[in-house]
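Listing of data05.cif, mmCIF, C-alpha atoms
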data_input
#
loop_
_atom_site.label_atom_id
_atom_site.label_comp_id
_atom_site.auth_asym_id
_atom_site.auth_seq_id
_atom_site.Cartn_x
_atom_site.Cartn_y
_atom_site.Cartn_z
CA MET Y 159 48.19 143.35 74.60
CA GLN Y 160 47.48 139.69 75.18
CA ASN Y 161 51.12 138.86 74.45
CA LEU Y 162 52.21 141.44 77.07
CA LYS Y 163 49.89 139.96 79.67
CA LYS Y 164 51.15 136.49 78.82
CA GLN Y 165 54.76 137.64 79.19
CA LEU Y 166 54.01 139.34 82.53
CA LYS Y 167 52.30 136.16 83.77
CA MET Y 168 55.24 134.00 82.71
CA SER Y 169 57.66 136.43 84.36
CA THR Y 170 55.66 136.23 87.61
CA THR Y 171 55.64 132.43 87.41
CA TYR Y 172 59.43 132.30 86.93
CA GLN Y 173 59.93 134.68 89.86
CA GLU Y 174 57.74 132.53 92.12
CA ALA Y 175 59.63 129.39 91.06
CA ILE Y 176 62.97 131.02 91.90
CA GLU Y 177 61.72 132.34 95.25
CA ASN Y 178 60.19 129.01 96.26
CA SER Y 179 63.31 126.95 95.47
CA ASN Y 180 66.10 129.35 96.45
CA ILE Y 181 67.14 131.83 99.13
CA VAL Y 182 66.50 135.28 97.63
CA SER Y 183 67.24 138.83 98.79
CA LYS Y 184 67.43 142.31 97.26
CA THR Y 185 69.42 145.33 98.41
CA ASP Y 186 69.74 148.89 97.22
CA ILE Y 187 73.03 150.21 95.89
CA ASN Y 188 74.23 150.83 99.48
CA GLY Y 189 73.64 147.25 100.60
CA ILE Y 190 70.41 147.97 102.52
CA ILE Y 191 67.96 145.06 102.38
CA THR Y 192 64.76 145.87 100.46
CA PHE Y 193 63.36 142.35 100.02
CA VAL Y 194 63.82 138.81 101.40
CA ASN Y 195 61.80 135.67 100.71
CA ASP Y 196 60.62 133.10 103.26
CA GLU Y 197 63.63 130.84 102.62
CA PHE Y 198 65.99 133.68 103.55
CA CYS Y 199 64.12 134.23 106.83
CA LYS Y 200 64.16 130.50 107.54
CA ILE Y 201 67.93 130.04 106.98
CA SER Y 202 68.94 133.27 108.79
CA GLY Y 203 66.59 132.96 111.76
CA TYR Y 204 65.45 136.62 111.38
CA SER Y 205 61.89 137.71 110.62
CA TYR Y 206 60.96 139.75 107.55
CA ASP Y 207 60.55 142.93 109.64
CA GLU Y 208 63.92 142.41 111.35
CA LEU Y 209 65.69 142.28 107.99
CA ILE Y 210 64.02 144.96 105.88
CA GLY Y 211 65.96 148.23 106.13
CA GLN Y 212 69.02 146.60 107.67
CA ASN Y 213 72.46 146.46 106.07
CA HIS Y 214 73.10 143.06 104.51
CA ASN Y 215 76.11 142.58 106.77
CA ILE Y 216 73.62 141.65 109.52
CA VAL Y 217 74.32 138.03 108.49
CA ARG Y 218 78.04 138.54 107.92
CA HIS Y 219 80.24 135.99 109.72
CA PRO Y 220 83.06 137.57 111.80
CA ASP Y 221 85.55 134.97 110.50
CA VAL Y 222 85.24 136.20 106.92
CA GLU Y 223 88.11 138.53 105.98
CA SER Y 224 87.31 142.07 104.81
CA SER Y 225 89.25 141.43 101.59
CA SER Y 226 86.47 139.04 100.50
CA PHE Y 227 83.87 141.80 100.77
CA GLU Y 228 86.15 144.27 99.00
CA LEU Y 229 86.33 141.85 96.06
CA LEU Y 230 82.52 141.40 96.18
CA TRP Y 231 81.81 145.15 95.95
CA LYS Y 232 84.49 145.70 93.35
CA THR Y 233 82.91 143.02 91.16
CA ILE Y 234 79.24 144.06 91.41
CA LEU Y 235 79.97 147.80 91.14
CA ASN Y 236 81.68 146.96 87.84
CA LYS Y 237 78.25 145.61 86.81
CA LYS Y 238 79.40 141.98 86.85
CA PRO Y 239 77.83 139.02 88.71
CA TYR Y 240 79.68 137.81 91.83
CA LYS Y 241 79.74 134.07 92.53
CA ALA Y 242 81.16 132.39 95.67
CA THR Y 243 80.40 130.11 98.60
CA VAL Y 244 79.78 132.54 101.46
CA LYS Y 245 80.04 131.82 105.20
CA ASN Y 246 77.14 133.47 107.10
CA LEU Y 247 76.07 133.71 110.75
CA THR Y 248 72.42 133.12 111.75
CA LYS Y 249 70.55 135.00 114.44
CA ASP Y 250 71.09 132.19 116.98
CA GLY Y 251 74.87 132.06 116.26
CA LYS Y 252 75.00 129.07 113.90
CA THR Y 253 77.33 128.98 110.90
CA VAL Y 254 75.82 128.30 107.46
CA TYR Y 255 77.45 128.10 104.03
CA LEU Y 256 75.52 129.47 101.05
CA ASN Y 257 76.40 129.12 97.37
CA THR Y 258 75.77 132.73 96.33
CA THR Y 259 75.25 134.62 93.06
CA ILE Y 260 74.81 138.43 93.33
CA THR Y 261 73.65 140.17 90.16
CA PRO Y 262 73.47 143.97 89.59
CA ILE Y 263 70.12 145.17 88.14
CA LEU Y 264 70.49 148.03 85.65
CA ASP Y 265 68.03 150.65 84.39
CA GLU Y 266 67.64 151.72 80.78
CA SER Y 267 70.66 154.06 81.15
CA GLU Y 268 72.85 151.14 82.35
CA ASN Y 269 72.94 152.54 85.88
CA ILE Y 270 72.77 150.14 88.86
CA ILE Y 271 69.43 150.48 90.66
CA GLU Y 272 69.63 147.45 92.99
CA PHE Y 273 71.29 144.06 93.61
CA ILE Y 274 69.56 140.69 93.69
CA ALA Y 275 71.19 137.70 95.41
CA ILE Y 276 70.15 134.10 94.82
CA ARG Y 277 71.58 131.47 97.16
CA TYR Y 278 71.19 127.82 98.09
CA ASP Y 279 72.31 126.03 101.25
CA VAL Y 280 75.51 123.93 100.94
CA THR Y 281 76.27 123.72 104.69
CA PHE Y 282 76.06 119.91 104.78
CA GLU Y 283 78.42 119.50 101.80
CA VAL Y 284 80.97 121.97 103.20
CA GLU Y 285 80.94 120.42 106.70
CA LEU Y 286 81.22 116.92 105.21
CA LYS Y 287 84.18 118.01 103.09
CA LYS Y 288 85.89 119.57 106.12
CA SER Y 289 85.23 116.41 108.14
CA LEU Y 290 86.69 114.20 105.40
CA GLU Y 291 89.75 116.46 105.07
CA GLN Y 292 90.30 116.24 108.84
CA LYS Y 293 89.99 112.44 108.79
CA GLU Y 294 92.38 112.21 105.83
CA LYS Y 295 94.85 114.33 107.80
CA GLU Y 296 94.48 112.06 110.84
CA LEU Y 297 94.93 108.93 108.70
CA GLU Y 298 98.02 110.46 107.11
CA GLU Y 299 99.44 111.13 110.59
CA LEU Y 300 98.62 107.56 111.63
CA ASN Y 301 100.38 106.21 108.53
CA GLN Y 302 103.43 108.37 109.21
CA ASN Y 303 103.52 107.23 112.84
CA LEU Y 304 103.18 103.61 111.74
CA GLU Y 305 106.03 103.98 109.24
CA LEU Y 306 108.18 105.55 111.94
CA LYS Y 307 107.33 102.75 114.34
CA VAL Y 308 108.14 100.11 111.72
CA LYS Y 309 111.53 101.75 111.13
CA GLU Y 310 112.21 101.89 114.87
CA GLN Y 311 111.16 98.27 115.37
CA THR Y 312 113.23 97.20 112.36
CA LYS Y 313 116.27 98.90 113.88
CA GLN Y 314 115.57 97.18 117.20
CA LEU Y 315 115.25 93.85 115.40
CA LYS Y 316 118.64 94.41 113.74
CA ASP Y 317 120.16 95.40 117.08
CA LEU Y 318 118.56 92.35 118.65
CA ASN Y 319 120.03 90.18 115.92
CA LYS Y 320 123.46 91.56 116.82
CA THR Y 321 122.76 90.85 120.50
CA LEU Y 322 121.80 87.26 119.68
CA GLU Y 323 125.04 86.85 117.73
CA LYS Y 324 127.05 88.19 120.64
CA ARG Y 325 125.30 85.88 123.10
CA VAL Y 326 125.90 82.90 120.82
CA GLN Y 327 129.60 83.75 120.68
CA GLU Y 328 129.71 83.92 124.48
CA GLU Y 329 128.01 80.54 124.73
CA ILE Y 330 130.47 79.03 122.26
CA ALA Y 331 133.31 80.18 124.53
CA LYS Y 332 131.67 78.53 127.56
CA ASN Y 333 130.50 75.25 126.05
CA ASP Y 334 131.18 72.75 123.37
CA GLU Y 335 131.67 74.51 120.00
CA LYS Y 336 129.63 72.05 118.00
CA GLN Y 337 126.60 72.22 120.31
CA LYS Y 338 126.61 76.02 120.30
CA LEU Y 339 126.91 76.08 116.51
CA LEU Y 340 123.68 74.06 116.44
CA PHE Y 341 122.14 76.56 118.82
CA TRP Y 342 123.09 79.44 116.49
CA GLN Y 343 121.69 77.72 113.42
CA SER Y 344 118.45 76.94 115.23
CA ARG Y 345 118.10 80.54 116.38
CA MET Y 346 118.54 81.78 112.83
CA ALA Y 347 115.96 79.25 111.61
CA SER Y 348 113.56 80.43 114.33
CA LEU Y 349 114.14 84.05 113.37
CA GLY Y 350 113.34 83.25 109.74
CA GLN Y 351 110.22 81.41 110.87
CA MET Y 352 109.15 84.44 112.94
CA ILE Y 353 109.62 86.78 109.96
CA GLY Y 354 107.42 84.44 107.93
CA ASN Y 355 104.78 84.59 110.67
CA ILE Y 356 104.92 88.40 110.67
CA ALA Y 357 104.15 88.30 106.94
CA HIS Y 358 101.19 85.99 107.62
CA GLN Y 359 99.93 88.28 110.42
CA TRP Y 360 100.13 91.39 108.21
CA ARG Y 361 98.87 90.07 104.89
CA GLN Y 362 95.17 89.89 105.86
CA PRO Y 363 94.90 93.26 107.71
CA LEU Y 364 96.68 95.02 104.83
CA THR Y 365 94.08 93.63 102.43
CA GLU Y 366 91.28 94.65 104.82
CA LEU Y 367 92.76 98.16 105.22
CA ASN Y 368 92.92 98.63 101.43
CA LEU Y 369 89.28 97.53 101.07
CA THR Y 370 88.17 99.75 103.98
CA LEU Y 371 89.80 102.85 102.47
CA PHE Y 372 88.17 102.06 99.09
CA ASN Y 373 84.75 101.77 100.79
CA MET Y 374 85.40 105.02 102.70
CA LYS Y 375 85.98 106.81 99.38
CA LYS Y 376 82.71 105.39 98.00
CA ALA Y 377 80.82 106.41 101.16
CA SER Y 378 82.22 109.96 100.98
CA LEU Y 379 81.07 110.33 97.37
CA LYS Y 380 77.59 109.25 98.53
CA LYS Y 381 77.82 111.78 101.40
CA ASP Y 382 77.18 108.96 103.90
CA GLU Y 383 78.81 110.62 106.93
CA LYS Y 384 77.84 107.81 109.34
CA LYS Y 385 79.43 105.14 107.10
CA VAL Y 386 82.56 107.27 106.65
CA GLU Y 387 82.93 107.55 110.46
CA GLU Y 388 82.41 103.78 110.86
CA LEU Y 389 85.04 102.95 108.20
CA TYR Y 390 87.43 105.55 109.64
CA LYS Y 391 87.31 103.87 113.08
CA GLU Y 392 87.75 100.46 111.43
CA SER Y 393 90.89 101.72 109.65
CA LYS Y 394 92.35 103.03 112.93
CA ASN Y 395 91.70 99.66 114.62
CA LEU Y 396 93.44 97.76 111.79
CA ILE Y 397 96.48 100.04 111.95
CA SER Y 398 96.61 99.68 115.76
CA SER Y 399 96.40 95.87 115.44
CA MET Y 400 99.29 95.82 112.93
CA SER Y 401 101.40 97.94 115.28
CA THR Y 402 100.64 95.56 118.17
CA THR Y 403 101.73 92.59 116.02
CA ILE Y 404 105.23 94.07 115.67
CA GLU Y 405 105.49 94.58 119.45
CA ASP Y 406 104.35 90.98 120.09
CA PHE Y 407 107.12 89.56 117.92
CA MET Y 408 109.72 91.92 119.42
CA ASN Y 409 108.76 90.79 122.93
CA PHE Y 410 109.13 87.17 121.84
CA PHE Y 411 112.81 87.75 121.01
CA ASP Y 412 113.58 89.79 124.14
CA PRO Y 413 117.26 89.07 124.98
CA LYS Y 414 116.75 89.62 128.73
CA LYS Y 415 116.14 86.01 129.61
CA GLU Y 416 115.87 85.87 133.39
CA LYS Y 417 114.38 82.71 134.83
CA LYS Y 418 111.20 83.35 136.74
CA SER Y 419 107.93 81.68 137.61
CA PHE Y 420 105.41 81.99 134.78
CA GLU Y 421 101.93 80.70 133.93
CA ILE Y 422 102.10 77.72 131.55
CA LYS Y 423 98.78 78.64 129.91
CA ASP Y 424 100.10 82.15 129.12
CA SER Y 425 103.10 80.64 127.34
CA ILE Y 426 100.83 78.35 125.29
CA ASN Y 427 98.56 81.29 124.37
CA GLU Y 428 101.61 83.28 123.24
CA ALA Y 429 102.65 80.46 120.91
CA LEU Y 430 99.11 80.14 119.49
CA THR Y 431 98.93 83.91 118.91
CA ILE Y 432 102.17 83.86 116.92
CA MET Y 433 101.03 80.83 114.90
CA LYS Y 434 97.46 82.11 114.45
CA LYS Y 435 97.61 82.89 110.72
CA LEU Y 436 99.43 79.67 109.85
CA ILE Y 437 96.92 77.63 111.87
CA GLN Y 438 94.02 79.31 110.06
CA GLN Y 439 95.67 78.94 106.66
CA GLU Y 440 96.32 75.22 107.18
CA ASN Y 441 92.82 74.71 108.68
CA ILE Y 442 94.21 73.06 111.83
CA LYS Y 443 91.82 72.65 114.76
CA ILE Y 444 93.63 73.11 118.09
CA LYS Y 445 91.93 72.31 121.39
CA VAL Y 446 93.56 73.51 124.61
CA ASP Y 447 92.66 71.80 127.89
CA VAL Y 448 95.05 73.58 130.26
CA PRO Y 449 93.87 74.90 133.65
CA THR Y 450 95.16 78.17 135.10
CA ASN Y 451 97.35 78.64 138.22
CA TYR Y 452 99.95 76.10 137.05
CA LYS Y 453 103.37 77.70 136.99
CA VAL Y 454 106.91 76.66 136.14
CA LEU Y 455 110.33 78.22 136.71
CA GLY Y 456 112.10 79.20 133.49
CA VAL Y 457 111.73 81.50 130.48
CA SER Y 458 108.17 81.86 129.14
CA ASN Y 459 109.05 82.55 125.50
CA GLU Y 460 111.38 79.54 125.35
CA LEU Y 461 108.50 77.21 126.28
CA SER Y 462 106.46 79.05 123.62
CA GLN Y 463 109.20 78.27 121.09
CA VAL Y 464 109.01 74.56 121.94
CA ILE Y 465 105.21 74.62 121.41
CA ILE Y 466 105.71 76.42 118.08
CA ASN Y 467 108.24 73.80 116.94
CA LEU Y 468 105.89 70.93 117.80
CA ILE Y 469 102.92 72.57 116.01
CA GLN Y 470 105.15 73.29 112.98
CA ASN Y 471 106.24 69.62 112.86
CA ALA Y 472 102.61 68.48 113.11
CA LYS Y 473 101.66 70.86 110.29
CA ASP Y 474 104.37 69.37 108.06
CA ALA Y 475 103.27 65.83 108.94
CA PHE Y 476 99.63 66.62 108.09
CA LYS Y 477 100.75 67.78 104.65
CA THR Y 478 103.14 64.85 104.07
CA ASN Y 479 100.55 62.24 105.07
CA GLY Y 480 97.61 63.92 103.29
CA ILE Y 481 95.54 64.39 106.47
CA GLU Y 482 92.37 66.42 105.77
CA ASP Y 483 90.83 66.55 109.27
CA LYS Y 484 93.77 68.10 111.18
CA ASN Y 485 93.53 68.09 114.98
CA ILE Y 486 95.95 68.99 117.78
CA LEU Y 487 95.12 68.57 121.48
CA ILE Y 488 97.17 70.34 124.17
CA THR Y 489 96.57 69.14 127.75
CA LEU Y 490 98.17 69.71 131.15
CA LYS Y 491 97.85 67.38 134.13
CA GLU Y 492 99.72 66.35 137.28
CA ASN Y 493 101.43 63.01 137.74
CA LEU Y 494 100.27 60.67 140.51
CA ASP Y 495 102.31 62.21 143.35
CA GLN Y 496 101.67 65.77 142.01
CA LYS Y 497 105.39 66.60 141.97
CA TYR Y 498 105.50 66.96 138.20
CA LEU Y 499 103.36 68.46 135.45
CA LEU Y 500 102.78 66.62 132.20
CA LEU Y 501 102.21 68.95 129.24
CA GLU Y 502 101.10 66.84 126.26
CA ILE Y 503 100.81 67.90 122.61
CA GLU Y 504 98.92 65.23 120.68
CA ASP Y 505 98.15 65.21 116.95
CA ASN Y 506 96.49 62.89 114.43
CA ALA Y 507 99.17 63.36 111.74
CA GLY Y 508 100.03 59.67 111.39
CA GLY Y 509 102.88 59.33 113.89
CA ILE Y 510 106.58 58.57 113.37
CA LYS Y 511 107.83 55.43 111.66
CA GLU Y 512 109.18 52.75 113.99
CA GLU Y 513 112.68 52.82 112.48
CA ASN Y 514 113.01 56.57 113.16
CA LEU Y 515 111.78 56.68 116.77
CA ASP Y 516 115.26 56.44 118.34
CA SER Y 517 116.70 59.23 116.17
CA ILE Y 518 114.12 62.05 116.25
CA PHE Y 519 115.93 64.09 118.95
CA GLU Y 520 119.34 63.84 117.31
CA PRO Y 521 120.79 66.98 115.64
CA TYR Y 522 120.39 67.18 111.86
CA PHE Y 523 118.05 64.17 111.78
CA THR Y 524 114.98 64.90 109.64
CA THR Y 525 112.50 62.98 107.54
CA LYS Y 526 111.72 66.14 105.51
CA HIS Y 527 113.30 67.36 102.33
CA LYS Y 528 116.36 69.58 102.88
CA SER Y 529 114.42 72.62 101.69
CA GLN Y 530 111.78 72.08 104.40
CA GLY Y 531 113.80 71.45 107.54
CA THR Y 532 117.25 71.36 109.16
CA GLY Y 533 116.65 68.56 111.67
CA LEU Y 534 117.32 70.98 114.55
CA GLY Y 535 113.74 71.65 115.72
CA LEU Y 536 113.25 68.64 118.04
CA PHE Y 537 116.93 68.67 119.11
CA MET Y 538 116.65 72.32 120.20
CA SER Y 539 113.23 71.76 121.79
CA LYS Y 540 114.69 68.95 123.90
CA MET Y 541 117.70 71.11 124.85
CA ILE Y 542 115.45 74.02 125.89
CA VAL Y 543 113.24 71.78 128.04
CA GLU Y 544 116.24 70.15 129.73
CA LYS Y 545 118.47 73.21 130.26
CA SER Y 546 116.00 76.07 130.61
CA LEU Y 547 113.03 74.32 132.24
CA GLU Y 548 115.01 71.48 133.92
CA GLY Y 549 112.52 68.96 132.58
CA THR Y 550 112.30 66.25 129.94
CA LEU Y 551 110.80 65.97 126.44
CA SER Y 552 109.63 62.56 125.27
CA HIS Y 553 107.60 61.08 122.42
CA LYS Y 554 105.33 58.14 121.76
CA ASN Y 555 103.07 57.18 118.90
CA SER Y 556 99.32 57.13 119.49
CA GLU Y 557 96.67 55.33 117.46
CA ASN Y 558 96.44 58.13 114.88
CA GLY Y 559 99.55 60.24 115.43
CA SER Y 560 102.14 61.46 117.93
CA ILE Y 561 102.13 62.51 121.59
CA PHE Y 562 104.98 64.74 122.78
CA THR Y 563 105.17 65.02 126.59
CA ILE Y 564 107.00 67.81 128.42
CA THR Y 565 107.61 66.82 132.06
CA ILE Y 566 108.48 69.71 134.40
CA SER Y 567 108.47 70.43 138.15
CA ASN Y 568 105.13 71.45 139.62
CA GLU Y 569 105.13 75.08 140.79
CA LYS Y 570 101.35 75.18 141.35
CA GLU Y 571 100.22 78.43 142.90
#

Before we go any further, please render this structure as structure tokens.
Amino acid sequence: MQNLKKQLKMSTTYQEAIENSNIVSKTDINGIITFVNDEFCKISGYSYDELIGQNHNIVRHPDVESSSFELLWKTILNKKPYKATVKNLTKDGKTVYLNTTITPILDESENIIEFIAIRYDVTFEVELKKSLEQKEKELEELNQNLELKVKEQTKQLKDLNKTLEKRVQEEIAKNDEKQKLLFWQSRMASLGQMIGNIAHQWRQPLTELNLTLFNMKKASLKKDEKKVEELYKESKNLISSMSTTIEDFMNFFDPKKEKKSFEIKDSINEALTIMKKLIQQENIKIKVDVPTNYKVLGVSNELSQVIINLIQNAKDAFKTNGIEDKNILITLKENLDQKYLLLEIEDNAGGIKEENLDSIFEPYFTTKHKSQGTGLGLFMSKMIVEKSLEGTLSHKNSENGSIFTITISNEKE
């Protein structure tokens, strides 16, 4: 007798534990609710009295297909437990997801007398999974769009290369063959330099994107929805930045070179943007003291190319002369009668040797190893300044380095 009481007490204790930690309901063989615990009332939004005597489909979600319920009844009427994640609708119209196990209760003759369902709430996990799947889909679409854009831009770059070749051939027909051959070689060298800069611009964001996606996976495993959203936005920004980089370099090689009035500071900023990664990698400090509203007639990206050439030369000189504290100062000022603008690029890279000063603007003259330079950079820079900007390019040594001065007509706004 004592053992029976002890067993009944333990059974009651187990039942209370189940009811207190899970969502529990009972129905008769027709699906009419005969019992619900407090957790069931709480999750469904119905009171105990509203549920008792009602068909269990009172919480059925209209989105759930009838075939799912046919499988449910077929399983439990065969006296087998039914397990699934079920989508339910609460009294106030909210969707909840419940991990559900429905077990048939049999009498001594193995006949079904009722069904007991034990559930627990997995709404957060299901919604998080759906959110992650949606974000993965969006990221996949972004990646596909980026790949398509890269292919399109690559095709444009190839077409542009053909256009450059055609233009060079036209120039050769108009001018001295030797000079135009130099022009072609310089353009090809510039194009190679630009491709190298694209690689510099992309290397860091690609590393950051890989790390961000790894952290997103970690955050999703921890169910940190806020962190996942933050990393997702960060990934989109990185991809957008990489796409913009391609457009920037394509604009730089735009073949439609009409002369027009442009802001000198904008041209300098364009050059610094293109050289950004190289400047950071070489730890070069560049100070720009150039006021706005100073304009010049010509082609903006050609002045940018001259600035790039001068910074590239300074970078090489810093390395050759073992300069640790690398500084470049870019200034713009008017001459005394204000008819001309003096754009100066000054560095502390050690300057040019006295015996080479008269030769630095000659084609093929270089103090670098053949693998590092063609000797066309300063020659082409001087030609661009003279023919495109109708100005002059000159050089002088300073106490610690070089000063290159571009003199152009003042088109001050």

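One distance worth recording is that between CA of Phe282 (chain Y) and CA of Met374 (chain Y), which is 17.7 Å.
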
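Excluding Glu440 (chain Y) and any residue on its chain fewer than 6 positions from it, the residues at most 12 Å away by only C-alpha atoms are His358, Met433, Lys434, Ile469, Gln470, Ala472, Lys473, Asp474, Ala475, Phe476, Lys477, Ile481, Glu482, Asp483, Lys484 and Asn485 of chain Y.
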
Problem - Test item: the PyMOL selection byres ((chain Y and resi 200) around 12) resolved as a ChimeraX atom specification - result: /Y:180-182,194-199,201-206,209,248-250,254,279

Handout entry: Non-local contacts of region 216-221 of chain Y (7 Å; all atoms listed in the file; under 5 positions in same chain excluded) as a VMD selection string
Key = chain Y and resid 245 to 248

Handout entry: Chain and number of each residue from the PyMOL selection byres ((chain Y and resi 466) around 12), as a PyMOL selection string
Key = chain Y and resi 348+351-352+355+410+425-434+436-437+459-465+467-473+503+535-536+538-539

Problem - Atomic separation - CA of Asn303 (chain Y) relative to CA of Asn368 (chain Y), Å - result: 17.8 Å

Problem - Radius query 12 Å about (66.5, 149.2, 97.2), atoms used: only C-alpha atoms, as number ranges by chain - result: Y: 183-194, 210-214, 262-263, 270-274

Practice task
Would you write out, as JSON, numbers by chain, every residue that the PyMOL selection byres ((chain Y and resi 286) around 12) captures in this file?
Solution key: {"Y": [255, 280, 281, 282, 283, 284, 285, 287, 288, 289, 290, 291, 292, 293, 377, 378, 379, 380, 381, 382, 383, 384, 386, 387]}

How close does each residue of region 474-506 of chain Y get to region 561-567 of chain Y, giving the shortest atom pair and distance in Å to one decimal for every residue with an atom at most 7 Å away, counting all atoms listed in the file, sorted by chain and residue number, as JSON lines?
{"residue": "Y:Lys497", "atom": "CA", "partner": "Y:Ser567", "partner_atom": "CA", "distance": 6.2}
{"residue": "Y:Tyr498", "atom": "CA", "partner": "Y:Ser567", "partner_atom": "CA", "distance": 4.6}
{"residue": "Y:Leu499", "atom": "CA", "partner": "Y:Ile566", "partner_atom": "CA", "distance": 5.4}
{"residue": "Y:Leu500", "atom": "CA", "partner": "Y:Thr565", "partner_atom": "CA", "distance": 4.8}
{"residue": "Y:Leu501", "atom": "CA", "partner": "Y:Ile564", "partner_atom": "CA", "distance": 5.0}
{"residue": "Y:Glu502", "atom": "CA", "partner": "Y:Thr563", "partner_atom": "CA", "distance": 4.5}
{"residue": "Y:Ile503", "atom": "CA", "partner": "Y:Phe562", "partner_atom": "CA", "distance": 5.2}
{"residue": "Y:Glu504", "atom": "CA", "partner": "Y:Ile561", "partner_atom": "CA", "distance": 4.3}
{"residue": "Y:Asp505", "atom": "CA", "partner": "Y:Ile561", "partner_atom": "CA", "distance": 6.7}

Handout entry: Proximity to Thr243 (chain Y) - best of Y:Ile276, Y:Met541, Y:Leu264, Y:Ala507, all atoms listed in the file
Key = Y:Ile276
